[in-house]
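For reference, the structure discussed in these notes is given below.
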Amino acid sequence: MEVWYHNENPYPFVPKDVLNRADSVRASLPNKYCDPRVAADLFEETFDEFMLCDERGINVVAIEHHAGINSLFGANPLVLGILARQIRKVRILSMGTLISLRPDPVRVAEEYATADVISRGRLDIGFVKSGASEMASNNANPVTNIERYWEAIDLVTKALTFQEGPFSWEGKHYTHRHVNIWPRPWQQPHPPLWAATGDPETASEVGRRGMVNVLVLRGEEGTRRAWTAYRQARAEAGLPKVMTDHFAYAALVYVGDTHEEGVEIGSKLLWFLNTSLKMAPQYAQFLPGATPPHFAPQVYRTAPRPDTQAEGPTDGSRAQQAQANKPAAPAILNVGGLTNIDTAQAMARGILFAGSPATVYQQIMDFYRKVGGFGHLVMIGRSGFMTHAEAEKGIRLFARDVLPRLKEIAPVTPP
């Protein structure tokens with residue numbers, strides 16, 4: 001199993017009364033509350049954590065969000081370029097440039113190819129559908145977001161792989177009459193491709209394309225359903241089965257010297273859920289075109305309380321079978337069930353793995369077995385008010401006592 005360290009570089013130092021009054025901590029919170037000197041310190045700490053991961057054999061993740069306290073990484077290509085030069089041994093996952101929000105996918109392909117060459121072939125490319133506040137922050141049309149997403153991926157992929165001189169692209173959403181990127185990527189035919197999604201329609205398409213499907217904080221039931229859709233789509237298309245290295249799961253992870261210390265410090269990661277996910281309805285429930293029609297009634301209602309988000313019946317009844325056949329819900333419903341949950345709920349649902357090295361390893365393996373296996377763990381190792389020192393301690397303990405055991409897990413064909 002490969003492990004990837006994820007720190008979104010959040011900015012939690014906004015007065016609590018301001019946060020309580022804000023309709024949304026993403027998109028509309030005034031940037032006067034961001035002190036650039038504090039932001040500079042946070043960038044330095046985050047890059048130091050990435051460098052520590054490079055020393056200890058943990059891959060790193062560069063993400064992108066816009067206009068909010070959840071992340072200061074608003075310019076993924078810039079962050080990616082820094083990592084490509086500074087990180088010397090481990091792989092770098094760009095998760096990633098929000099492809100459907102960028103007007104020119106060819107420029108994105110050039111950025112990825114450049115980073116892959118600078119890193120000498122250690123880049124993985126992750127695509128994210130975008131949504132919610134990102135649409136407003138980038139002046140994008142949410143109604144055609146999915147169409148732009150897949151067309152942009154197709155254009156980026158062709159730009160990375162085509163080596164016979166200029167080609168033209170006449171698509172529904174993008175027109176580019178002269179595509180001929182220099183340099184071409186180091187990895188041939190292109191770096192590994194990932195896609196972050198949990199809804200069944202998109203997971204199925206990811207499966208047909210053979211991309212790595214990464215699920216973020218989906219829990220046991222949502223993860224199993226999405227990956228079932230992935231495998232079923234490949235079977236229906238007559239494609240070969242994929243192994244567990246085509247599946248990745250992202251969770252909050254912290255390792256302490258003792259189980260009690262790991263849980264206490266790891267609980268700080270819940271800031272990611274309980275504060276940074278606060279979005280006004282116009283950026284979430286009421287965003288036109290962002291939700292499949294059959295899910296719209298659920299989205300438009302008030303999100304249920306976390307304690308009602310049971311994973312479904314546990315007996316052998318027909319209700320249990322019906323629950324198992326239900327498709328994975330869209331991301332906005334998942335977000336609604338994550339806000340304001342406590343440590344025990346997060347750990348029970350496979351959203352937080354925290355404790356001593358032994359208990360964290362056991363939690364990861366329990367989840368691994370329940371969802372049918374996965375080849376990548378994306379560990380969200382710092383968020384909110386966790387300190388830099390605490391994050392680095394967690395990295396060191398994980399790398400020393402948990403990583404070697406996970407590395408022994410070879411890819412297998414899921415049942």
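Here's how to read the names in the structure tokens: chain A, B, ... by the order shown, residue numbers from 1 in each chain, ligand numbers from 1 in the order shown.
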
For A:Ala344, list every protein, DNA or RNA residue within 10 Å, evaluated using only C-alpha atoms, and leave out those in the same chain fewer than 5 positions away; present the list as a PDB file with N, CA and C atoms, in the first residue's frame.
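Everything below was put into result23.pdb:
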```pdb
ATOM      1  N   VAL A 263      -5.654   9.980  19.952  1.00  0.00           N
ATOM      2  CA  VAL A 263      -7.048  10.403  19.825  1.00  0.00           C
ATOM      3  C   VAL A 263      -7.208  11.871  20.221  1.00  0.00           C
ATOM      4  N   SER A 267      -8.111  14.475  17.309  1.00  0.00           N
ATOM      5  CA  SER A 267      -9.432  15.115  17.324  1.00  0.00           C
ATOM      6  C   SER A 267      -9.385  16.536  16.782  1.00  0.00           C
ATOM      7  N   ARG A 349     -17.105   5.696  11.896  1.00  0.00           N
ATOM      8  CA  ARG A 349     -17.499   5.724  10.486  1.00  0.00           C
ATOM      9  C   ARG A 349     -16.317   5.601   9.520  1.00  0.00           C
ATOM     10  N   LEU A 352     -11.957   9.054  10.679  1.00  0.00           N
ATOM     11  CA  LEU A 352     -10.790   9.390  11.473  1.00  0.00           C
ATOM     12  C   LEU A 352     -10.132   8.107  11.960  1.00  0.00           C
TER      13      LEU A 352
END
```

Next on the checklist: Quick check for you: according to DSSP on this backbone, which residues of stretch 126-228 of chain A are classed as helix (DSSP H, G or I)? Reply as a count of residues only.
Outcome noted: 45

What lies within 7 Å of stretch 185-188 of chain A using only C-alpha atoms, ignoring chain neighbours under 5 positions off, as a PDB file with N, CA and C atoms, in the first residue's frame?
```pdb
ATOM      1  N   ALA A 113       3.140  18.488 -17.477  1.00  0.00           N
ATOM      2  CA  ALA A 113       4.317  17.941 -18.151  1.00  0.00           C
ATOM      3  C   ALA A 113       5.594  18.569 -17.594  1.00  0.00           C
ATOM      4  N   THR A 114       5.561  19.872 -17.355  1.00  0.00           N
ATOM      5  CA  THR A 114       6.732  20.555 -16.800  1.00  0.00           C
ATOM      6  C   THR A 114       7.075  20.015 -15.419  1.00  0.00           C
ATOM      7  N   ASP A 116       6.302  17.111 -14.196  1.00  0.00           N
ATOM      8  CA  ASP A 116       6.744  15.726 -14.301  1.00  0.00           C
ATOM      9  C   ASP A 116       8.213  15.662 -14.721  1.00  0.00           C
ATOM     10  N   VAL A 117       8.614  16.548 -15.622  1.00  0.00           N
ATOM     11  CA  VAL A 117      10.012  16.578 -16.051  1.00  0.00           C
ATOM     12  C   VAL A 117      10.920  17.072 -14.928  1.00  0.00           C
ATOM     13  N   ARG A 120      11.480  14.477 -12.531  1.00  0.00           N
ATOM     14  CA  ARG A 120      12.039  13.290 -13.179  1.00  0.00           C
ATOM     15  C   ARG A 120      11.120  12.073 -13.025  1.00  0.00           C
ATOM     16  N   GLY A 121       9.831  12.339 -13.279  1.00  0.00           N
ATOM     17  CA  GLY A 121       8.888  11.238 -13.384  1.00  0.00           C
ATOM     18  C   GLY A 121       8.265  10.790 -12.082  1.00  0.00           C
ATOM     19  N   LEU A 160      -0.806  15.372 -23.505  1.00  0.00           N
ATOM     20  CA  LEU A 160       0.341  14.744 -22.846  1.00  0.00           C
ATOM     21  C   LEU A 160       0.926  13.595 -23.656  1.00  0.00           C
TER      22      LEU A 160
END
```

Checklist entry - Out of stretch 47-286 of chain A, which residues get strand (DSSP E) from DSSP, as number ranges by chain? => result A: 59-63, 92-95, 123-128, 167-170, 175-179, 193-196, 212-216, 247-255

Could I get the residues of stretch 333-370 of chain A with an atom no further than 10 Å from an atom of stretch 387-410 of chain A, each paired with its nearest atom pair and that distance in Å to one decimal, using only C-alpha atoms, sorted by chain and residue number, as JSON lines?
```
{"residue": "A:Ala354", "atom": "CA", "partner": "A:Gly394", "partner_atom": "CA", "distance": 10.0}
{"residue": "A:Ser356", "atom": "CA", "partner": "A:Leu397", "partner_atom": "CA", "distance": 8.8}
{"residue": "A:Pro357", "atom": "CA", "partner": "A:Asp401", "partner_atom": "CA", "distance": 5.8}
{"residue": "A:Ala358", "atom": "CA", "partner": "A:Val402", "partner_atom": "CA", "distance": 7.5}
{"residue": "A:Thr359", "atom": "CA", "partner": "A:Val402", "partner_atom": "CA", "distance": 9.7}
{"residue": "A:Val360", "atom": "CA", "partner": "A:Val402", "partner_atom": "CA", "distance": 7.8}
{"residue": "A:Tyr361", "atom": "CA", "partner": "A:Val402", "partner_atom": "CA", "distance": 6.0}
{"residue": "A:Gln362", "atom": "CA", "partner": "A:Val402", "partner_atom": "CA", "distance": 9.7}
{"residue": "A:Ile364", "atom": "CA", "partner": "A:Leu406", "partner_atom": "CA", "distance": 9.2}
{"residue": "A:Met365", "atom": "CA", "partner": "A:Leu406", "partner_atom": "CA", "distance": 8.9}
```

Next on the checklist: Residues near A:Val60, anyone? I mean within 10 Å using only C-alpha atoms, not counting same-chain ones fewer than 2 positions away, as a PyMOL selection string.
Outcome noted: chain A and resi 3-7+49-51+53-54+57-58+62-63+83+87+90-94+378-379

C-alpha atoms of the current selection, written as a short mmCIF file (atom, residue, chain, number, x, y, z; two decimals), in the first residue's frame:
```cif
data_model
loop_
_atom_site.label_atom_id
_atom_site.label_comp_id
_atom_site.auth_asym_id
_atom_site.auth_seq_id
_atom_site.Cartn_x
_atom_site.Cartn_y
_atom_site.Cartn_z
CA VAL A 3 0.64 6.34 1.65
CA TRP A 4 0.26 10.03 0.76
CA TYR A 5 0.46 12.95 3.21
CA HIS A 6 -2.23 15.59 2.77
CA ASN A 7 -2.21 19.04 4.39
CA GLU A 49 6.13 18.77 6.63
CA PHE A 50 6.29 17.71 2.98
CA MET A 51 10.09 17.66 3.18
CA CYS A 53 7.65 13.09 4.39
CA ASP A 54 10.28 12.97 1.65
CA GLY A 57 9.19 7.71 2.57
CA ILE A 58 5.64 9.11 2.59
CA ALA A 62 -0.76 19.15 -3.47
CA ILE A 63 -4.39 20.26 -3.60
CA LEU A 83 7.40 20.42 -4.71
CA ILE A 87 10.94 16.83 -3.06
CA VAL A 90 8.78 10.32 -3.01
CA ARG A 91 5.94 10.79 -5.47
CA ILE A 92 3.80 13.91 -5.72
CA LEU A 93 0.04 13.77 -6.33
CA SER A 94 -1.52 16.92 -7.76
CA VAL A 378 -4.27 9.50 1.70
CA MET A 379 -3.66 10.65 5.26
#
```

Checklist entry - Can you list, as an MDAnalysis selection string, every protein, DNA or RNA residue that comes within 7 Å of stretch 127-133 of chain A when you count only C-alpha atoms, leaving out same-chain residues fewer than 4 positions away? => result chainID A and resid 26:27 95:100 137 146 149 194:196 283:284 287

Next on the checklist: Given only C-alpha atoms as the basis, pick out the residue of A:Leu273, A:Ala159, A:Glu220, A:Thr202 nearest to A:Asn340.
Outcome noted: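 Closest to A:Asn340 of all the choices is A:Leu273.
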
Checklist entry - Hey, what's within 12 Å of A:Pro15 if we count only C-alpha atoms and toss same-chain stuff fewer than 5 positions away? As an MDAnalysis selection string, please? => result chainID A and resid 20:22 25 29 32:34 69

Item to check | Interatomic distance, atom CA of A:Glu205 to atom CA of A:Thr144 (Å, one decimal) | outcome: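 Atom CA of A:Thr144 lies 16.7 Å from atom CA of A:Glu205.
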
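Counting only C-alpha atoms, the residue from A:Thr413, A:Asn139, A:Thr223, A:Asn70 that sits nearest to A:Asp245 is A:Thr413.
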
Item to check | Distance query A:Thr197 at most 12 Å, only C-alpha atoms, self and fewer than 4 positions along chain excluded, as number ranges by chain | outcome: A: 95, 126-131, 146, 149, 201-207, 211-218, 222-223, 225-227, 229-230, 247-250, 328-332, 334

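Proximity ranking of A:Arg209, A:Arg37, A:Arg122, A:Lys241 relative to A:Tyr11 places A:Arg37 first, based on only C-alpha atoms.
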
Next on the checklist: Please determine, counting only C-alpha atoms, which residue among A:Asp104, A:His66, A:Pro415, A:Pro192 has the shortest atom-to-atom distance to A:Met135.
Outcome noted: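 Looking only at the distances to A:Met135, the closest residue turns out to be A:His66.
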
Next on the checklist: Let me make sure I understand: among A:Arg224, A:His178, A:His190, A:Arg102, which one has the smallest atom-to-atom distance to A:Phe374 if we use only C-alpha atoms?
Outcome noted: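 Smallest separation from A:Phe374 among the options: A:Arg224.
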
Next on the checklist: Using Å and a single decimal, report how far atom CA of A:Ile380 sits from atom CA of A:Phe353.
Outcome noted: 9.9 Å
